[in-house]
Amino acid sequence: MSPAAGRDGVGLYCPAKINLRLRVGPTRTDLGGRHRLDTIYSAVGIWDRVELRPTEPGSGFRLSLEGEQLGDLNRRDADPHANLAVKALLAMAQATGHEPDVAIHIVKRIPVGAGLAGGSADAAGTMLGLNRLWNLGMAAADLDRIAASLGADLPFCLHGGLSRGTGFGQILEPLDPDGPKVQRLSRAGLTGHLLIGAYESQLSTARVYKAFDLIGPGPHDLNDLQETACTLHPRSRQALDLARRAGIGPAFVSGSGPSVVVMAPRPEQAIALIRLWREQNAVDRIIEADSPVLPRMVPLRVTHGQ
Ligand SMILES: C[C@@](CO)(OP(=O)(O)O)[C@H](O)COP(=O)(O)OP(=O)(O)OC[C@H]1O[C@@H](n2ccc(N)nc2=O)[C@H](O)[C@@H]1O
Ligand SMILES: Nc1ncnc2c1ncn2[C@@H]1O[C@H](COP(=O)(O)OP(=O)(O)O)[C@@H](O)[C@H]1O
């Protein structure tokens with residue numbers, strides 16, 4: 001991780017997450033009623049920026065959001081305590097005996113409720129930033145434990161890169177970038193340049209998992225939740241069909257969706273797919289990115305005139 005926090009705080013670049021494989025098993029009481037998973041997480045270069053600045057002692061936390069597509073975060077009645085970054089601040093404060101006197105500013109670029117773990121990314125960035133801002137020196141295992149209490153894919157968001165996830169998604173086996181497993185993923189076209197097709201509408205992860213128990217997995221999908229997500233959000237199926245018919249891919253739904261991921265290693269493939277998606281109005285937003293990537297931390301400095 002990069003240099004220590006600056007005098008005025010710390011900034012984190014928090015990547016999104018996709019699932020290159022997502023096998024969903026039955027719900028388990030020993031997993032808190034969640035489904036058993038076997039997944040390959042990959043961090044993707046769509047970046048939220050989380051800025052943490054100390055506030056006056058005893059003044060409590062502040063939250064501010066910035067971005068074009070804030071989804072349901074933009075509701076006037078949105079409770080700041082429901083924001084996953086705030087939940088992470090309060091959990092870290094409780095675990096370490098610190099007062100949560102921190103201003104959190106989030107610049108959102110990860111589509112909200114998209115299956116890209118935008119909330120978990122911001123929460124993980126907040127945890128990494130506080131570890132530095134408060135000079136905690138917390139061990140990774142302790143951070144992972146707090147992260148797992150906040151969300152199933154939050155532990156992965158602390159680390160980024162490529163990891164296998166089991167349990168309810170919180171047990172991680174980081175994949176060696178130079179090892180045989182990642183080489184196999186690359187040969188299958190599952191690393192490198194990709195397109196994300198995103199939507200104004202959101203899918204609730206809880207709703208998708210509940211519907212999955214009735215709908216089940218598609219026969220050949222990389223993602224067991226894909227058939228459910230496409231049933232609940234047919235435009236995702238349309239976007240995937242267009243990619244498949246154009247021979248561009250692999251193409252799959254990201255996590256609980258609705259966003260879709262199409263691996264497009266060659267520029268002409270990306271250009272062709274962007275044209276197809278736009279002609280057919282198959283998606284609302286198209287983002288080009290690379291994967292895997294790692295979270296990044298930068299010191300904040302007061303800008304002139306601030
Ligand atoms: C589907 C996945 C795939 O990586 O990602 P997203 O699509 O959300 O990004 C994750 O499993 C989502 O992780 P996360 O979004 O952190 O889930 P949580 O907040 O912990 O739980 C949201 C809802 O999903 C259910 N859930 C979550 C994980 C799991 N293994 N089984 C479940 O049934 C929970 O019971 C809860 O009702
Ligand atoms: N910082 C945050 N960024 C995005 N969503 C958040 C955040 N905090 C809380 N949420 C809520 O979490 C829900 C899921 O958001 P997100 O993590 O982006 O999607 P997904 O779980 O599908 O990957 C949304 O309803 C959103 O209101």
# chains A, B, ... in the order shown; residues from 1 in each chain; ligands from 1

call {"tool": "residues_around", "arguments": {"residues": "Met92 in chain A", "least_positions_apart": "3", "cutoff": "12 Å", "atoms": "only C-alpha atoms", "output": "VMD selection string"}}
result
chain A and resid 85 to 89 95 to 102 123 to 124 126 to 134 136 138 142 to 147 149 to 150

call {"tool": "residues_near_ligand", "arguments": {"ligand": "ligand 1", "cutoff": "8 Å", "atoms": "only C-alpha atoms and all ligand atoms", "output": "ChimeraX atom specification"}}
result
/A:17-19,22,24,27,31-37,39,41,113-120,148,150-154,167-169,204-210,225,254-257

call {"tool": "residues_around", "arguments": {"residues": "Cys230 in chain A", "least_positions_apart": "3", "cutoff": "10 Å", "atoms": "only C-alpha atoms", "output": "ChimeraX atom specification"}}
result
/A:225-227,233-240,253,256-260

call {"tool": "write_last_selection", "arguments": {"atoms": "N, CA, C and O atoms", "output": "tab-separated table (two decimals), in the first residue's frame"}}
result
chain	number	residue	atom	x	y	z
A	225	LEU	N	-26.10	-17.11	-10.50
A	225	LEU	CA	-27.17	-16.13	-10.28
A	225	LEU	C	-27.63	-15.49	-11.58
A	225	LEU	O	-28.60	-14.73	-11.61
A	226	GLN	N	-26.94	-15.80	-12.68
A	226	GLN	CA	-27.21	-15.10	-13.95
A	226	GLN	C	-28.63	-15.31	-14.45
A	226	GLN	O	-29.31	-14.36	-14.83
A	227	GLU	N	-29.10	-16.55	-14.42
A	227	GLU	CA	-30.45	-16.84	-14.95
A	227	GLU	C	-31.49	-16.06	-14.13
A	227	GLU	O	-32.43	-15.49	-14.67
A	233	HIS	N	-34.41	-9.02	-14.70
A	233	HIS	CA	-33.98	-7.83	-15.45
A	233	HIS	C	-33.65	-8.25	-16.88
A	233	HIS	O	-32.48	-8.41	-17.23
A	234	PRO	N	-34.68	-8.43	-17.74
A	234	PRO	CA	-34.49	-9.00	-19.09
A	234	PRO	C	-33.51	-8.24	-19.98
A	234	PRO	O	-32.89	-8.82	-20.87
A	235	ARG	N	-33.30	-6.94	-19.74
A	235	ARG	CA	-32.35	-6.19	-20.59
A	235	ARG	C	-30.94	-6.75	-20.45
A	235	ARG	O	-30.12	-6.67	-21.35
A	236	SER	N	-30.66	-7.36	-19.26
A	236	SER	CA	-29.32	-7.96	-19.10
A	236	SER	C	-29.17	-9.14	-20.05
A	236	SER	O	-28.12	-9.32	-20.68
A	237	ARG	N	-30.25	-9.93	-20.18
A	237	ARG	CA	-30.19	-11.07	-21.10
A	237	ARG	C	-30.02	-10.60	-22.54
A	237	ARG	O	-29.21	-11.15	-23.30
A	238	GLN	N	-30.71	-9.51	-22.88
A	238	GLN	CA	-30.61	-8.95	-24.24
A	238	GLN	C	-29.17	-8.52	-24.53
A	238	GLN	O	-28.59	-8.84	-25.57
A	239	ALA	N	-28.55	-7.86	-23.55
A	239	ALA	CA	-27.18	-7.37	-23.74
A	239	ALA	C	-26.20	-8.54	-23.91
A	239	ALA	O	-25.30	-8.49	-24.75
A	240	LEU	N	-26.42	-9.61	-23.12
A	240	LEU	CA	-25.53	-10.78	-23.23
A	240	LEU	C	-25.74	-11.49	-24.58
A	240	LEU	O	-24.78	-11.92	-25.22
A	253	VAL	N	-23.29	-12.03	-16.36
A	253	VAL	CA	-23.80	-11.05	-15.38
A	253	VAL	C	-22.79	-10.95	-14.24
A	253	VAL	O	-22.19	-11.95	-13.84
A	256	SER	N	-24.85	-10.41	-8.46
A	256	SER	CA	-26.32	-10.46	-8.44
A	256	SER	C	-26.93	-9.53	-9.49
A	256	SER	O	-28.14	-9.35	-9.55
A	257	GLY	N	-26.08	-8.91	-10.29
A	257	GLY	CA	-26.55	-8.08	-11.41
A	257	GLY	C	-27.13	-6.75	-10.96
A	257	GLY	O	-27.05	-6.41	-9.79
A	258	PRO	N	-27.80	-6.04	-11.88
A	258	PRO	CA	-28.06	-6.35	-13.29
A	258	PRO	C	-26.92	-6.11	-14.25
A	258	PRO	O	-27.06	-6.49	-15.43
A	259	SER	N	-25.81	-5.53	-13.84
A	259	SER	CA	-24.79	-5.17	-14.84
A	259	SER	C	-24.20	-6.43	-15.47
A	259	SER	O	-24.18	-7.50	-14.86
A	260	VAL	N	-23.74	-6.27	-16.71
A	260	VAL	CA	-23.16	-7.39	-17.46
A	260	VAL	C	-21.70	-7.06	-17.77
A	260	VAL	O	-21.32	-5.89	-17.90

call {"tool": "residues_around", "arguments": {"residues": "Glu288 in chain A", "least_positions_apart": "6", "cutoff": "7 Å", "atoms": "only C-alpha atoms", "output": "ChimeraX atom specification"}}
result
/A:194-196

call {"tool": "write_last_selection", "arguments": {"atoms": "C-alpha atoms", "output": "mmCIF file, in the first residue's frame"}}
result
data_model
loop_
_atom_site.group_PDB
_atom_site.id
_atom_site.type_symbol
_atom_site.label_atom_id
_atom_site.label_comp_id
_atom_site.auth_asym_id
_atom_site.auth_seq_id
_atom_site.Cartn_x
_atom_site.Cartn_y
_atom_site.Cartn_z
ATOM 1 C CA LEU A 194 -13.543 -5.616 -20.484
ATOM 2 C CA LEU A 195 -16.779 -3.733 -21.018
ATOM 3 C CA ILE A 196 -19.397 -3.296 -18.313
#

call {"tool": "select_by_dssp", "arguments": {"residues": "range 209-271 of chain A", "states": "strand (DSSP E or B)", "output": "PyMOL selection string"}}
result
chain A and resi 223+251-253+260-263

call {"tool": "write_last_selection", "arguments": {"atoms": "N, CA and C atoms", "output": "tab-separated table (two decimals), in the first residue's frame"}}
result
chain	number	residue	atom	x	y	z
A	223	ASN	N	-21.93	-17.89	-13.94
A	223	ASN	CA	-22.50	-17.30	-12.72
A	223	ASN	C	-23.86	-17.92	-12.45
A	251	ALA	N	-19.01	-13.53	-21.80
A	251	ALA	CA	-19.99	-12.52	-21.38
A	251	ALA	C	-20.86	-13.11	-20.28
A	252	PHE	N	-21.06	-12.32	-19.20
A	252	PHE	CA	-21.81	-12.87	-18.06
A	252	PHE	C	-22.32	-11.73	-17.20
A	253	VAL	N	-23.29	-12.03	-16.36
A	253	VAL	CA	-23.80	-11.05	-15.38
A	253	VAL	C	-22.79	-10.95	-14.24
A	260	VAL	N	-23.74	-6.27	-16.71
A	260	VAL	CA	-23.16	-7.39	-17.46
A	260	VAL	C	-21.70	-7.06	-17.77
A	261	VAL	N	-20.91	-8.12	-17.87
A	261	VAL	CA	-19.47	-8.01	-18.13
A	261	VAL	C	-19.19	-8.73	-19.43
A	262	VAL	N	-18.47	-8.07	-20.36
A	262	VAL	CA	-18.05	-8.75	-21.59
A	262	VAL	C	-16.55	-8.54	-21.74
A	263	MET	N	-15.82	-9.63	-21.76
A	263	MET	CA	-14.38	-9.54	-21.95
A	263	MET	C	-14.13	-9.20	-23.42

call {"tool": "closest_residue", "arguments": {"among": "A:Leu232, A:Ala246, A:Leu222, A:Ala198", "to": "Ala282 in chain A", "atoms": "only C-alpha atoms"}}
result
A:Ala198

call {"tool": "residues_around", "arguments": {"residues": "range 63-71 of chain A", "least_positions_apart": "5", "cutoff": "8 Å", "atoms": "only C-alpha atoms", "output": "CSV table (one decimal) with N, CA, C and O atoms, in the first residue's frame"}}
result
chain,number,residue,atom,x,y,z
A,80,PRO,N,-27.7,8.4,6.5
A,80,PRO,CA,-26.2,8.2,6.3
A,80,PRO,C,-25.7,7.0,7.1
A,80,PRO,O,-24.8,6.4,6.7
A,86,VAL,N,-20.1,4.4,6.2
A,86,VAL,CA,-20.3,4.8,7.6
A,86,VAL,C,-20.4,3.6,8.6
A,86,VAL,O,-19.8,3.7,9.7
A,103,ALA,N,-14.7,12.9,8.6
A,103,ALA,CA,-15.5,13.3,7.5
A,103,ALA,C,-15.2,12.4,6.3
A,103,ALA,O,-14.0,12.2,5.9
A,104,ILE,N,-16.2,11.7,5.8
A,104,ILE,CA,-16.1,10.8,4.7
A,104,ILE,C,-16.7,11.4,3.5
A,104,ILE,O,-17.8,11.9,3.5
A,105,HIS,N,-15.8,11.6,2.4
A,105,HIS,CA,-16.4,12.1,1.2
A,105,HIS,C,-16.1,11.0,0.1
A,105,HIS,O,-15.0,10.5,0.0
A,106,ILE,N,-17.2,10.6,-0.6
A,106,ILE,CA,-17.2,9.6,-1.6
A,106,ILE,C,-17.5,10.1,-2.9
A,106,ILE,O,-18.5,10.7,-3.1
A,107,VAL,N,-16.5,9.9,-3.9
A,107,VAL,CA,-16.8,10.2,-5.3
A,107,VAL,C,-17.2,8.9,-5.9
A,107,VAL,O,-16.3,8.0,-6.1
A,108,LYS,N,-18.5,8.7,-6.3
A,108,LYS,CA,-19.0,7.4,-6.8
A,108,LYS,C,-18.8,7.4,-8.3
A,108,LYS,O,-19.3,8.2,-9.0
A,109,ARG,N,-18.2,6.3,-8.8
A,109,ARG,CA,-18.2,6.0,-10.2
A,109,ARG,C,-18.7,4.6,-10.4
A,109,ARG,O,-19.0,4.2,-11.5
A,111,PRO,N,-21.3,1.9,-10.5
A,111,PRO,CA,-22.8,1.9,-10.5
A,111,PRO,C,-23.3,1.3,-9.3
A,111,PRO,O,-22.8,0.3,-8.7
A,112,VAL,N,-24.4,1.9,-8.7
A,112,VAL,CA,-25.0,1.4,-7.5
A,112,VAL,C,-26.0,0.3,-7.7
A,112,VAL,O,-26.8,0.3,-8.6
A,113,GLY,N,-25.9,-0.7,-6.8
A,113,GLY,CA,-26.9,-1.8,-6.8
A,113,GLY,C,-26.7,-2.6,-8.1
A,113,GLY,O,-27.7,-3.1,-8.7
A,200,GLU,N,-29.7,2.0,-15.1
A,200,GLU,CA,-30.3,3.0,-14.1
A,200,GLU,C,-30.9,2.1,-13.0
A,200,GLU,O,-30.8,2.4,-11.8
A,201,SER,N,-31.6,1.0,-13.4
A,201,SER,CA,-32.3,0.2,-12.4
A,201,SER,C,-31.3,-0.6,-11.6
A,201,SER,O,-30.2,-0.9,-12.0
A,202,GLN,N,-31.7,-1.0,-10.3
A,202,GLN,CA,-30.8,-1.8,-9.4
A,202,GLN,C,-31.5,-3.1,-9.2
A,202,GLN,O,-32.7,-3.3,-9.4

call {"tool": "closest_residue", "arguments": {"among": "A:Ile110, A:Ser59, A:Pro54, A:Arg23", "to": "ligand 2", "atoms": "only C-alpha atoms and all ligand atoms"}}
result
A:Ile110

call {"tool": "atom_distance", "arguments": {"atom1": "CA of Glu56 in chain A", "atom2": "CA of Gly9 in chain A"}}
result
13.1 Å

call {"tool": "atom_distance", "arguments": {"atom1": "CA of Leu90 in chain A", "atom2": "CA of Arg301 in chain A"}}
result
24.5 Å

call {"tool": "atom_distance", "arguments": {"atom1": "CA of Ala16 in chain A", "atom2": "CA of Gly161 in chain A"}}
result
10.6 Å

call {"tool": "closest_residue", "arguments": {"among": "A:Gly247, A:Gly58, A:Gly125, A:Pro180", "to": "ligand 2", "atoms": "only C-alpha atoms and all ligand atoms"}}
result
A:Gly125

call {"tool": "decode", "arguments": {"residues": "range 86-115 of chain A", "atoms": "N, CA and C atoms", "output": "compact mmCIF listing (two decimals), in the first residue's frame"}}
result
# COMPACT_ATOMS: atom_id res chain seq x y z
N VAL A 86 -20.05 4.37 6.25
CA VAL A 86 -20.30 4.83 7.63
C VAL A 86 -20.35 3.63 8.56
N LYS A 87 -21.00 2.54 8.09
CA LYS A 87 -21.03 1.32 8.92
C LYS A 87 -19.62 0.83 9.22
N ALA A 88 -18.75 0.96 8.21
CA ALA A 88 -17.35 0.54 8.40
C ALA A 88 -16.65 1.45 9.40
N LEU A 89 -16.88 2.75 9.32
CA LEU A 89 -16.28 3.70 10.27
C LEU A 89 -16.72 3.38 11.69
N LEU A 90 -18.02 3.16 11.88
CA LEU A 90 -18.54 2.91 13.23
C LEU A 90 -18.03 1.57 13.77
N ALA A 91 -17.92 0.57 12.88
CA ALA A 91 -17.40 -0.74 13.31
C ALA A 91 -15.93 -0.63 13.71
N MET A 92 -15.15 0.12 12.95
CA MET A 92 -13.72 0.30 13.27
C MET A 92 -13.56 1.12 14.55
N ALA A 93 -14.40 2.12 14.72
CA ALA A 93 -14.32 2.94 15.93
C ALA A 93 -14.61 2.09 17.16
N GLN A 94 -15.65 1.25 17.04
CA GLN A 94 -16.02 0.39 18.18
C GLN A 94 -14.91 -0.63 18.48
N ALA A 95 -14.34 -1.19 17.40
CA ALA A 95 -13.33 -2.24 17.58
C ALA A 95 -12.03 -1.69 18.16
N THR A 96 -11.79 -0.37 17.98
CA THR A 96 -10.47 0.17 18.37
C THR A 96 -10.56 1.23 19.48
N GLY A 97 -11.79 1.54 19.91
CA GLY A 97 -11.94 2.53 20.99
C GLY A 97 -11.72 3.96 20.53
N HIS A 98 -11.78 4.19 19.20
CA HIS A 98 -11.66 5.57 18.68
C HIS A 98 -13.04 6.21 18.59
N GLU A 99 -13.07 7.54 18.71
CA GLU A 99 -14.31 8.27 18.39
C GLU A 99 -14.41 8.39 16.86
N PRO A 100 -15.62 8.24 16.29
CA PRO A 100 -15.74 8.29 14.82
C PRO A 100 -15.75 9.72 14.29
N ASP A 101 -14.80 10.54 14.74
CA ASP A 101 -14.76 11.96 14.31
C ASP A 101 -14.03 12.09 12.99
N VAL A 102 -14.74 11.64 11.93
CA VAL A 102 -14.12 11.61 10.60
C VAL A 102 -15.14 12.07 9.56
N ALA A 103 -14.68 12.91 8.63
CA ALA A 103 -15.52 13.31 7.49
C ALA A 103 -15.20 12.38 6.33
N ILE A 104 -16.25 11.70 5.84
CA ILE A 104 -16.09 10.77 4.70
C ILE A 104 -16.68 11.44 3.47
N HIS A 105 -15.85 11.60 2.44
CA HIS A 105 -16.35 12.11 1.15
C HIS A 105 -16.14 11.01 0.12
N ILE A 106 -17.23 10.65 -0.57
CA ILE A 106 -17.15 9.56 -1.55
C ILE A 106 -17.47 10.10 -2.94
N VAL A 107 -16.55 9.91 -3.87
CA VAL A 107 -16.82 10.20 -5.27
C VAL A 107 -17.18 8.88 -5.94
N LYS A 108 -18.49 8.73 -6.26
CA LYS A 108 -19.01 7.44 -6.76
C LYS A 108 -18.83 7.37 -8.27
N ARG A 109 -18.18 6.32 -8.76
CA ARG A 109 -18.16 6.01 -10.18
C ARG A 109 -18.66 4.59 -10.42
N ILE A 110 -18.63 3.76 -9.37
CA ILE A 110 -19.13 2.39 -9.49
C ILE A 110 -20.66 2.45 -9.48
N PRO A 111 -21.32 1.92 -10.53
CA PRO A 111 -22.79 1.92 -10.54
C PRO A 111 -23.34 1.29 -9.26
N VAL A 112 -24.43 1.87 -8.74
CA VAL A 112 -25.01 1.45 -7.46
C VAL A 112 -26.01 0.30 -7.66
N GLY A 113 -25.93 -0.68 -6.76
CA GLY A 113 -26.88 -1.80 -6.83
C GLY A 113 -26.74 -2.58 -8.12
N ALA A 114 -25.50 -2.70 -8.60
CA ALA A 114 -25.24 -3.22 -9.95
C ALA A 114 -24.65 -4.63 -9.96
N GLY A 115 -24.29 -5.15 -8.77
CA GLY A 115 -23.59 -6.43 -8.71
C GLY A 115 -22.08 -6.23 -8.81
